[in-house]
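Enquirer: Questions regarding the structure given below will be posed in turn.
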2 protein chains.
Amino acid sequence: MRYELYYWTGIQGRGEFVRLALEDSAASYVDVAREQGDDAIVRYLDGVHEGALPFAPPFLKAGRLLIAQTANILQYLGPPLGLVPASEGRRLYAHQLQLTIADLVAEVHDSHHPIAGSLYYEDQRVEARRRAADLRETRLPKYLDYFEQVLERGGGEHALHGHSYVDLSLFQLMSGLEYAFPRAMLRLGHELPLLHLHALKLRVAQRPRIAAYLASPRRLPFNESDIFRHYPELDDPA
Amino acid sequence: MRYELYYWTGIQGRGEFVRLALEDSAASYVDVAREQGDDAIVRYLDGVHEGALPFAPPFLKAGRLLIAQTANILQYLGPPLGLVPASEGRRLYAHQLQLTIADLVAEVHDSHHPIAGSLYYEDQRVEARRRAADLRETRLPKYLDYFEQVLERGGGEHALHGHSYVDLSLFQLMSGLEYAFPRAMLRLGHELPLLHLHALKLRVAQRPRIAAYLASPRRLPFNESDIFRHYPELDDPA
């Protein structure tokens with residue numbers, strides 16, 4: 001199967017969670033908009049095709065199926081890519097964890113856009129400072145402590161007693177948070193601590209295909225048009 | 001199977017999407033916290049049990065499985081309750097639509113809590129006015145127009161060419177939005193319009209088991225501790 005991934009050019013965004021799964025398993029895929037431009041996405045959002053209508057990218061075409069919503073795509077890809085355990089209970093748990101990662105990703109986005117995605121950051125800077133402070137003080141500790149516990153229950157090394165797309169997504173989450181909030185993440189690493197999460201991040205980065213991907217031009221750098229943005233005034237005070 | 005639903009007492013909240021599916025299909029279930037109090041939930045959040053660790057309610061116990069995240073629960077319940085079509089493509093699409101509903105529900109929550117869920121509404125009133133204005137002017141039209149198109153593609157009456165949990169969730173979404181933003185929803189009903197969504201809402205309310213549920217004490221009224229809140233200053237100006 002040759003998969004077609006549709007996601008906006010220029011950022012990692014939510015598409016990156018899917019890319020990591022495809023790359024880690026050496027799946028055959030095309031990153032369509034990077035070859036044809038963002039118009040290739042808009043056509044499907046406009047609904048000129050038959051079948052499932054996506055609300056937003058990322059979406060994946062797999063034969064005749066069109067699948068949208070990041071966690072839904074990963075749930076679909078998990079079994080054929082060998083990135084999820086076989087049991088129903090574990091698969092439901094993997095998906096639950098992915099949805100919880102998605103919730104945090106949305107909160108991270110809103111820390112720099114607490115009023116409206118349609119406005120510039122500069123137009124909601126004051127509100128962003130308040131919201132980012134709550135993210136750093138209340139939400140990040142709650143989520144990261146939770147994921148640390150999940151790893152503890154998974155035996156320490158994996159979310160699910162074995163490699164899965166959830167581990168790849170936790171790698172991406174930690175990478176993004178350390179890019180956006182380096183000071184807060186250093187503090188939280190001491191306070192909570194986050195030993196399992198930090199070790200997992202290093203381990204995933206060293207997986208041969210992930211290491212090759214991260215060194216390739218396909219891995220775009222984090223940047224300030226993306227979800228994880230580094231605005232020093234939204235991080236812990238120096 | 002006797003299902004156990006765990007959700008905070010006193011509000012409909014995200015648990016309501018699960019309740020509607022259970023009620024519509026006359027499933028056997030216990031609404032555990034309503035019988036035993038919220039402590040019954042906290043025990044599982046504290047992780048004293050074996051297996052999947054929930055981040056937040058709602059979660060469902062089904063035999064030995066513990067399933068968290070609203071859309072994940074509905075995806076799990078769909079087949080045994082007869083609330084989703086059989087084909088893989090339709091099931092993935094149903095789940096995608098439920099996840100998109102969940103995204104809008106989160107945005108509705110943040111319209112009255114744009115800074116922090118841990119602060120009172122009164123402490124973020126100014127920011128809430130700005131965010132709610134964007135919700136009414138930008139986000140609601142985008143989402144509702146999308147769901148209207150989804151119904152159009154589903155033949156007009158259903159999201160998926162047949163009754164499913166997605167229709168039940170769209171009923172709940174429309175009900176909540178009309179409670180929270182009656183003036184904006186009246187305007188949007190004219191502007192977009194939302195003929196399929198309004199007809200679907202009426203049709204679902206008339207399903208015998210849903211009508212019986214809505215008239216029962218198990219259906220709590222919307223209130224201002226819930227996700228859908230009616231604050232007149234966050235609605236269109238009179």
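So you can find residues: chains in the structure tokens are A, B, ... in the order shown, residues in each start at 1, and ligands are numbered from 1 in order.
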With only C-alpha atoms as the counted atoms, please give the residues lying no more than 12 Å from Val204 in chain A, apart from itself and same-chain residues fewer than 2 positions off, as a VMD selection string.
Expert: chain A and resid 20 to 21 24 157 to 158 163 to 175 197 to 202 206 to 214
Enquirer: List the neighbours of Arg2 in chain A out to 12 Å using only C-alpha atoms; skip same-chain residues closer than 5 positions along the sequence, and give me the result as a CSV table (one decimal) with C-alpha atoms, in the first residue's frame.
Expert:
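Done, and the output landed in selection.csv:
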```
chain,number,residue,atom,x,y,z
A,22,LEU,CA,5.3,6.2,8.5
A,26,ALA,CA,9.6,2.4,6.5
A,27,ALA,CA,6.1,2.7,5.0
A,28,SER,CA,5.7,3.8,1.4
A,29,TYR,CA,4.1,7.2,1.3
A,30,VAL,CA,3.9,10.5,-0.5
A,31,ASP,CA,3.7,13.8,1.4
A,32,VAL,CA,1.3,15.2,-1.2
A,60,LEU,CA,-4.6,10.1,4.8
A,61,LYS,CA,-5.6,8.4,1.6
A,62,ALA,CA,-5.2,4.6,1.8
A,63,GLY,CA,-6.6,3.1,-1.4
A,64,ARG,CA,-10.3,4.2,-1.5
```
Enquirer: Mind running chain A against chain B at 6 Å and telling me each contacting residue's nearest atom pair with the distance in Å (one decimal), counting only C-alpha atoms, chain and number ascending, as CSV?
Expert:
```
residue,atom,partner,partner_atom,distance
A:Gln69,CA,B:Gln96,CA,5.9
A:Gln96,CA,B:Gln69,CA,5.8
A:Pro114,CA,B:Pro114,CA,5.9
A:Ile115,CA,B:Arg131,CA,4.6
A:Arg131,CA,B:Ile115,CA,4.6
```
Enquirer: With C-alpha atoms retained, export the selected residues as a tab-separated table (two decimals), in the first residue's frame.
Expert:
```
chain	number	residue	atom	x	y	z
A	69	GLN	CA	-8.10	13.40	12.45
A	96	GLN	CA	-6.95	6.95	24.37
A	114	PRO	CA	-5.88	32.01	23.42
A	115	ILE	CA	-8.39	34.30	21.69
A	131	ARG	CA	-2.73	31.42	29.41
```
Enquirer: Quick one: everything within 9 Å of Pro182 in chain B, counting only C-alpha atoms, minus sequence neighbours fewer than 6 positions away in the same chain. Send it as a list in words.
Expert: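 Here the qualifying residues turn out to be His230, Pro232, Asp235 and Asp236 of chain B.
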Enquirer: Leaving out Leu194 in chain B and any residue of its chain fewer than 3 positions from it, which residues lie within 8 Å of it when counting only C-alpha atoms, given as a PDB file with C-alpha atoms, in the first residue's frame?
Expert:
```pdb
ATOM      1  CA  LEU B 144     -21.745  24.116  11.515  1.00  0.00           C
ATOM      2  CA  ASP B 145     -21.450  24.646   7.798  1.00  0.00           C
ATOM      3  CA  GLU B 148     -24.477  20.625   7.412  1.00  0.00           C
ATOM      4  CA  LEU B 188     -26.606  31.330  11.916  1.00  0.00           C
ATOM      5  CA  GLY B 189     -29.721  29.295  11.173  1.00  0.00           C
ATOM      6  CA  HIS B 190     -30.756  32.086   8.788  1.00  0.00           C
ATOM      7  CA  LEU B 197     -28.999  20.094  11.427  1.00  0.00           C
ATOM      8  CA  HIS B 198     -32.233  21.570  12.772  1.00  0.00           C
TER       9      HIS B 198
END
```
Enquirer: Mind listing the helix (DSSP H, G or I) residues of range 3-166 of chain A, per DSSP on the backbone, as a count of residues only?
Expert: 94
Enquirer: Residues of chain A in strand (DSSP E or B) according to DSSP, as a list in words?
Expert: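 Here is the list: Arg2, Tyr3, Glu4, Leu5, Tyr6, Ser28, Tyr29, Val30, Asp31, Phe59, Leu60, Lys61, Ala62, Leu65, Leu66, Ile67 and Ala68 of chain A.
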Enquirer: With N, CA and C atoms retained, write the just-selected residues as a short mmCIF file (atom, residue, chain, number, x, y, z; two decimals), in the first residue's frame.
Expert:
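Final file, result-v1.cif:
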```cif
data_model
loop_
_atom_site.label_atom_id
_atom_site.label_comp_id
_atom_site.auth_asym_id
_atom_site.auth_seq_id
_atom_site.Cartn_x
_atom_site.Cartn_y
_atom_site.Cartn_z
N ARG A 2 0.62 2.16 -0.95
CA ARG A 2 1.32 3.45 -0.96
C ARG A 2 0.36 4.48 -0.37
N TYR A 3 0.70 4.98 0.81
CA TYR A 3 -0.17 5.94 1.49
C TYR A 3 0.06 7.35 0.95
N GLU A 4 -1.00 8.14 0.94
CA GLU A 4 -0.88 9.57 0.61
C GLU A 4 -1.24 10.38 1.84
N LEU A 5 -0.26 11.14 2.35
CA LEU A 5 -0.49 12.02 3.49
C LEU A 5 -0.74 13.43 2.98
N TYR A 6 -1.78 14.06 3.51
CA TYR A 6 -2.09 15.45 3.15
C TYR A 6 -1.94 16.32 4.39
N SER A 28 5.65 3.05 2.65
CA SER A 28 5.71 3.77 1.38
C SER A 28 4.66 4.87 1.41
N TYR A 29 5.09 6.13 1.29
CA TYR A 29 4.11 7.22 1.34
C TYR A 29 4.57 8.43 0.55
N VAL A 30 3.60 9.23 0.14
CA VAL A 30 3.86 10.52 -0.50
C VAL A 30 3.32 11.59 0.43
N ASP A 31 4.11 12.64 0.61
CA ASP A 31 3.67 13.80 1.38
C ASP A 31 3.12 14.78 0.34
N PHE A 59 -5.02 14.51 6.68
CA PHE A 59 -5.80 13.34 6.33
C PHE A 59 -4.94 12.43 5.46
N LEU A 60 -5.36 11.17 5.45
CA LEU A 60 -4.57 10.13 4.78
C LEU A 60 -5.46 9.47 3.75
N LYS A 61 -4.91 9.24 2.57
CA LYS A 61 -5.61 8.39 1.61
C LYS A 61 -4.91 7.04 1.59
N ALA A 62 -5.71 6.01 1.75
CA ALA A 62 -5.21 4.63 1.76
C ALA A 62 -6.14 3.86 0.85
N LEU A 65 -9.97 4.65 0.89
CA LEU A 65 -10.33 5.30 2.16
C LEU A 65 -9.69 6.67 2.28
N LEU A 66 -10.45 7.63 2.82
CA LEU A 66 -9.90 8.92 3.20
C LEU A 66 -10.16 9.04 4.70
N ILE A 67 -9.09 9.20 5.48
CA ILE A 67 -9.19 9.17 6.94
C ILE A 67 -8.63 10.47 7.49
N ALA A 68 -9.43 11.19 8.26
CA ALA A 68 -8.98 12.44 8.87
C ALA A 68 -8.95 12.32 10.39
#
```
Enquirer: Expressed in Å to a single decimal, how great is the separation between CA of Gly176 in chain A and CA of Glu16 in chain A?
Expert: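 These two atoms are separated by 10.8 Å.
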Enquirer: Between B:Val48, B:Ala40, B:Met1, B:Leu83, which is the closest to Val18 in chain B once you count only C-alpha atoms?
Expert: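 Closest to Val18 in chain B, using only C-alpha atoms: B:Leu83.
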Enquirer: If I take CA of Ala102 in chain B and CA of Trp8 in chain B, how far is one from the other in Å, to one decimal?
Expert: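 Value for the CA of Ala102 in chain B-CA of Trp8 in chain B distance: 17.6 Å.
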Enquirer: Please identify all polymer residues within 9 Å of Leu220 in chain B, counting only C-alpha atoms, omitting same-chain residues fewer than 6 positions from it, and present them as a PyMOL selection string.
Expert: chain B and resi 10-12+214
Enquirer: Go ahead and compute the interatomic distance for CA of His196 in chain B and CA of Ala184 in chain B, in Å to one decimal.
Expert: 17.5 Å
